[in-house]
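What follows is one structure encoded as structure tokens, with my remarks underneath.
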Amino acid sequence: MASAESPAPDPAPAESAGGRPPPPVGPPPGPGDRPARSDRSLWNLLLAVPAVVPLLTFLFNHDRPRLAGVPAFYWTQFAFIPLGVACTIAVYRLTRKRG
């Protein structure tokens with residue numbers, strides 16, 4: 001009978017120079033190992049409001065009412081700035097991840 005030799009156990013992983021183990025194989029971990037963020041939220045459609053409303057010139061193409069002597073056309077253009085800021089803040093707060 002021939003003696004059955006068992007295969008030798010796998011040697012320990014080869015150590016690289018400096019006595020450190022080799023780097024792990026595989027894709028690098030993402031930032032914080034978080035799942036990919038999805039920006040698919042209907043709240044993002046709110047960001048279209050400040051872009052579309054100034055294009056609707058029939059809303060503000062008038063001389064009156066005047067505000068401090070400034071025609072409505074001009075002061076409504078300035079009113080769109082806080083509208084854009086408010087929409088941006090609302091979308092940010094409604095879509096941010098909590099945790």
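Simple scheme: letters A, B, ... for chains in structure tokens order, numbers from 1 for residues in each chain, numbers from 1 for ligands in the order shown.
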Checklist entry - What lies within 12 Å of A:Leu56 using only C-alpha atoms, ignoring chain neighbours under 5 positions off, as a PyMOL selection string? => result chain A and resi 49-51+61+73+76-77+80
Next on the checklist: Using Å and a single decimal, report how far atom CA of A:Leu42 sits from atom CA of A:Ala86.
Outcome noted: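 Calculated distance between atom CA of A:Ala86 and atom CA of A:Leu42 is 16.5 Å.
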Item to check | Pairwise distance for atom CA of A:Ala79 and atom CA of A:Thr95, rounded to one decimal in Å | outcome: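 According to the coordinates, atom CA of A:Ala79 and atom CA of A:Thr95 are separated by 24.9 Å.
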Checklist entry - Separation of atom CA of A:Ile81 and atom CA of A:Arg40, in Å? => result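 Pair atom CA of A:Ile81 / atom CA of A:Arg40 returns 25.3 Å.
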Item to check | Which residue of A:Ala48, A:Phe60, A:Arg66, A:Pro71 approaches A:Leu83 most closely, using only C-alpha atoms | outcome: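 Using only C-alpha atoms, the shortest distance to A:Leu83 belongs to A:Ala48.
Counting only C-alpha atoms and comparing A:Leu67, A:Ala72, A:Leu94, A:Leu59, the residue that lies closest to A:Trp43 is A:Leu94.
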Item to check | Pick from A:Pro22, A:Leu46, A:Ala68, A:Arg98 nearest to A:Gly84, counting only C-alpha atoms | outcome: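 So, comparing all the options, the nearest one is A:Leu46.
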